Structure formats: structure tokens, C-alpha cells
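Working notes, beginning with the structure itself.
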Amino acid sequence: MNIVLHQPEIPANTGNIGRTCVAVGAVLHLIEPIGFRLTGKELRRAGMDYWEHLDVRRYINFEEFVEKNIANNSKATIWMATTKAQKIYTEAVFGKNDFIMFGRESAGIPEEILVNYKDTCIRIPMLETIRSLNLSNSVGIVLYEALRQQGFEGMQTEGELHHTTW
């Protein structure tokens, strides 16, 4: 799976998302401008010691991201997570090589981009009195649905107690 952050603003959320990506083997794609330095201590603290294991890729704009990842890849879909979508994320059928894109915390994905992806815009249901969820929580919700649909391939799905047995 691939997670795309369009113009991320908050280092702690990006660090948390990076840590989640490492935990599930997802690639993190960051589209400029980024509202902080990727070497900042807040980012390292949020990603803890996992950041060095993250496959993270940067792009100067959305067009470069599409050119390098989608233009010649007919098997990949870009799912746009947005509160403006008419489809719930559980209605999406996620492919192994798909991209799930999330926008800025303050503004979401620009409508100029969304308008070209109406059929792949998805939303997380919530009460209408709430503007949006925390970005790292939203990534976790949608990403784990995509992984569930793929049977959590390659992931540890059972655990054991450390000091006793079941």
C-alpha cells in the first residue's frame, strides 16, 4: 500500500503516519510544500526509532507524483480521502498497489485535484457537527481497511502472552 500526504503541516502527525507505514510495509509519499523540516526533532520523536526504516518519497507537486507513480501504472488507483466525498471508505475496493491520499489538516485535498477523481473520493463517516478527524487517525482507519481487504498479507495476525499461556 501507499499513503500520500498532500502538503503535510504537522510534524507529529506525519511522524505517527510514518510509524504506521513502517508497521505495515507501506510507502509514504509526501507532496510539497511540507510545513516543517523532515529532520526536525518533533518528527523524529513522533516516528521514534522507526523513521530510518521508512520508505519515504518526496515530490515537488501533485503532477510530479502522478507522473512518477500513476501515469504508466494502469493497475493503481488513487483513493482521495476527503470529507467532501459521496462514498464511504468501506465501499472502496482497495488494490495492493493503490495509493490513499490525504490532504492538509487545515484545508484537505484541493478541490482542483478532487474534481478529477470523483469516483475514487472516499470519506470516513462522522457527525456533521465535526469538521474533520485527526490526520494520523484517519490514515490508520482507511489504511487498515485496505489491509483487511487484502487479508493482512505478510502481517503477523496472532500474538502470544509473554509470562503465561492462553
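Residues in the C-alpha cells are named by chain (A, B, ... in the order shown) and by number from 1 within that chain; ligands are numbered from 1 in the order shown.
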Please provide as a short mmCIF file (atom, residue, chain, number, x, y, z; two decimals) with N, CA, C and O atoms, in the first residue's frame all residues within 12 Å of A:Ser106, with the sequence filter that same-chain residues fewer than 2 positions apart are discarded (counting only C-alpha atoms).
```
data_model
loop_
_atom_site.label_atom_id
_atom_site.label_comp_id
_atom_site.auth_asym_id
_atom_site.auth_seq_id
_atom_site.Cartn_x
_atom_site.Cartn_y
_atom_site.Cartn_z
N HIS A 6 -0.64 15.19 0.98
CA HIS A 6 -0.55 16.39 0.16
C HIS A 6 -0.31 17.58 1.07
O HIS A 6 -1.18 17.95 1.85
N GLN A 7 0.87 18.14 1.01
CA GLN A 7 1.28 19.32 1.76
C GLN A 7 1.07 19.17 3.27
O GLN A 7 0.35 19.95 3.89
N PRO A 8 1.71 18.17 3.88
CA PRO A 8 1.54 17.97 5.32
C PRO A 8 2.05 19.16 6.12
O PRO A 8 3.02 19.81 5.74
N GLU A 9 1.36 19.45 7.23
CA GLU A 9 1.65 20.64 8.03
C GLU A 9 2.18 20.34 9.42
O GLU A 9 2.88 21.16 10.00
N ILE A 10 1.79 19.22 10.00
CA ILE A 10 2.06 18.96 11.41
C ILE A 10 3.04 17.80 11.54
O ILE A 10 2.74 16.67 11.16
N GLY A 35 5.24 21.63 5.58
CA GLY A 35 5.24 22.73 6.54
C GLY A 35 6.23 22.61 7.68
O GLY A 35 6.09 23.28 8.70
N PHE A 102 -4.27 11.83 1.40
CA PHE A 102 -4.88 12.66 2.43
C PHE A 102 -4.35 14.07 2.26
O PHE A 102 -3.20 14.28 1.87
N GLY A 103 -5.19 15.06 2.57
CA GLY A 103 -4.80 16.45 2.39
C GLY A 103 -4.30 17.11 3.65
O GLY A 103 -4.14 16.47 4.69
N ARG A 104 -4.07 18.41 3.53
CA ARG A 104 -3.61 19.22 4.65
C ARG A 104 -4.65 19.20 5.77
O ARG A 104 -5.84 19.18 5.52
N GLY A 108 -7.58 20.13 3.69
CA GLY A 108 -7.85 18.92 2.91
C GLY A 108 -7.17 18.95 1.56
O GLY A 108 -6.29 19.77 1.29
N ILE A 109 -7.59 18.04 0.70
CA ILE A 109 -7.07 17.99 -0.67
C ILE A 109 -7.74 19.10 -1.47
O ILE A 109 -8.97 19.25 -1.40
N PRO A 110 -6.99 19.87 -2.24
CA PRO A 110 -7.61 20.96 -3.01
C PRO A 110 -8.70 20.45 -3.95
O PRO A 110 -8.57 19.39 -4.57
N ARG A 131 -15.81 18.94 11.91
CA ARG A 131 -15.20 19.32 10.64
C ARG A 131 -14.35 18.20 10.06
O ARG A 131 -14.40 17.91 8.88
N SER A 132 -13.51 17.57 10.91
CA SER A 132 -12.64 16.50 10.43
C SER A 132 -12.04 15.76 11.60
O SER A 132 -12.07 16.22 12.74
N LEU A 133 -11.45 14.61 11.30
CA LEU A 133 -10.73 13.83 12.30
C LEU A 133 -9.25 14.18 12.25
O LEU A 133 -8.77 14.77 11.28
N ASN A 134 -8.52 13.77 13.25
CA ASN A 134 -7.07 13.91 13.25
C ASN A 134 -6.51 13.14 12.06
O ASN A 134 -6.95 12.03 11.75
N LEU A 135 -5.52 13.72 11.38
CA LEU A 135 -4.98 13.13 10.15
C LEU A 135 -4.40 11.74 10.38
O LEU A 135 -4.67 10.81 9.63
#
```
- [ ] Would you mind writing down, as a list in words, each residue of stretch 34-149 of chain A that DSSP on the backbone assigns to strand (DSSP E or B)?
- [x]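 Filtering stretch 34-149 of chain A to strand (DSSP E or B) leaves Val56, Arg57, Arg58, Tyr59, Ile78, Trp79, Met80, Ala81, Ile88, Phe99, Ile100, Met101, Phe102, Arg104, Gly108, Cys121, Ile122 and Arg123 of chain A.
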Neighbour list for stretch 91-94 of chain A as a PDB file with C-alpha atoms, in the first residue's frame, cut-off 10 Å, only C-alpha atoms, skip fewer than 4 positions in-chain:
```
ATOM      1  CA  MET A   1       0.000   0.000   0.000  1.00  0.00           C
ATOM      2  CA  ALA A  76      -3.006   1.585  -9.444  1.00  0.00           C
ATOM      3  CA  THR A  77      -5.866   3.706  -8.177  1.00  0.00           C
ATOM      4  CA  ILE A  78      -5.550   6.924  -6.196  1.00  0.00           C
ATOM      5  CA  TRP A  79      -8.170   6.999  -3.460  1.00  0.00           C
ATOM      6  CA  LYS A  87     -18.716   7.318  -0.953  1.00  0.00           C
ATOM      7  CA  ASP A  98      -3.161   1.536  -4.686  1.00  0.00           C
ATOM      8  CA  PHE A  99      -2.496   4.975  -3.239  1.00  0.00           C
ATOM      9  CA  ILE A 100      -4.580   6.558  -0.485  1.00  0.00           C
ATOM     10  CA  ASP A 119     -15.274   8.119  -8.420  1.00  0.00           C
ATOM     11  CA  THR A 120     -12.355   7.448  -6.079  1.00  0.00           C
ATOM     12  CA  CYS A 121     -13.120  10.022  -3.396  1.00  0.00           C
ATOM     13  CA  ILE A 122     -13.895   8.350  -0.069  1.00  0.00           C
ATOM     14  CA  ARG A 123     -14.888   9.588   3.351  1.00  0.00           C
ATOM     15  CA  VAL A 142      -8.558   3.804   5.971  1.00  0.00           C
ATOM     16  CA  LEU A 143      -5.205   2.023   5.692  1.00  0.00           C
ATOM     17  CA  GLU A 145      -9.490  -1.280   5.964  1.00  0.00           C
ATOM     18  CA  ALA A 146      -7.373  -1.627   2.820  1.00  0.00           C
ATOM     19  CA  LEU A 147      -5.111  -4.132   4.575  1.00  0.00           C
ATOM     20  CA  ARG A 148      -8.120  -6.050   5.937  1.00  0.00           C
ATOM     21  CA  GLN A 149      -9.469  -6.404   2.409  1.00  0.00           C
ATOM     22  CA  GLN A 150      -6.148  -7.975   1.428  1.00  0.00           C
TER      23      GLN A 150
END
```
- [ ] Looking only at helix (DSSP H, G or I) from DSSP on the backbone, list the matching residues of stretch 21-112 of chain A as a ChimeraX atom specification.
- [x] /A:21-24,41-53,62-69,89-91,111-112
TODO: Go ahead and compute the interatomic distance for atom CA of A:Val27 and atom CA of A:Ile3, in Å to one decimal.
DONE: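 Pair atom CA of A:Val27 / atom CA of A:Ile3 returns 6.2 Å.
Atom CA of A:Leu54 lies 21.4 Å from atom CA of A:Thr157.
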TODO: Pick out the residues sitting within 12 Å of A:Asn137, and hand them over as number ranges by chain; count only C-alpha atoms, and ignore anything fewer than 6 positions along from it in its own chain.
DONE: A: 12-14, 16-17, 20, 102, 105, 124, 143-144
Please dump the current selection as a compact mmCIF listing (two decimals), in the first residue's frame; keep C-alpha atoms.
```txt
# COMPACT_ATOMS: atom_id res chain seq x y z
CA ALA A 12 3.81 14.89 14.93
CA ASN A 13 1.04 13.57 12.68
CA THR A 14 3.46 12.91 9.83
CA ASN A 16 2.84 8.95 13.51
CA ILE A 17 1.80 8.18 9.94
CA THR A 20 2.23 3.25 10.89
CA PHE A 102 -4.88 12.66 2.43
CA GLU A 105 -5.08 19.26 8.13
CA ILE A 124 -14.94 8.42 6.95
CA LEU A 143 -5.21 2.02 5.69
CA TYR A 144 -6.28 -0.83 7.95
```
TODO: Find the residue from A:Lys118, A:Arg19, A:Arg37, A:His29 that sits nearest to A:Ile60; use only C-alpha atoms when measuring.
DONE: A:His29
Open item on the list: Using Å and a single decimal, report how far atom CA of A:Ser138 sits from atom CA of A:Ala81.
Closed with: 8.5 Å
Open item on the list: I'd like to know which of A:Ala71, A:Lys84, A:Glu52, A:Trp166 is closest to A:Leu38, using only C-alpha atoms.
Closed with: A:Glu52
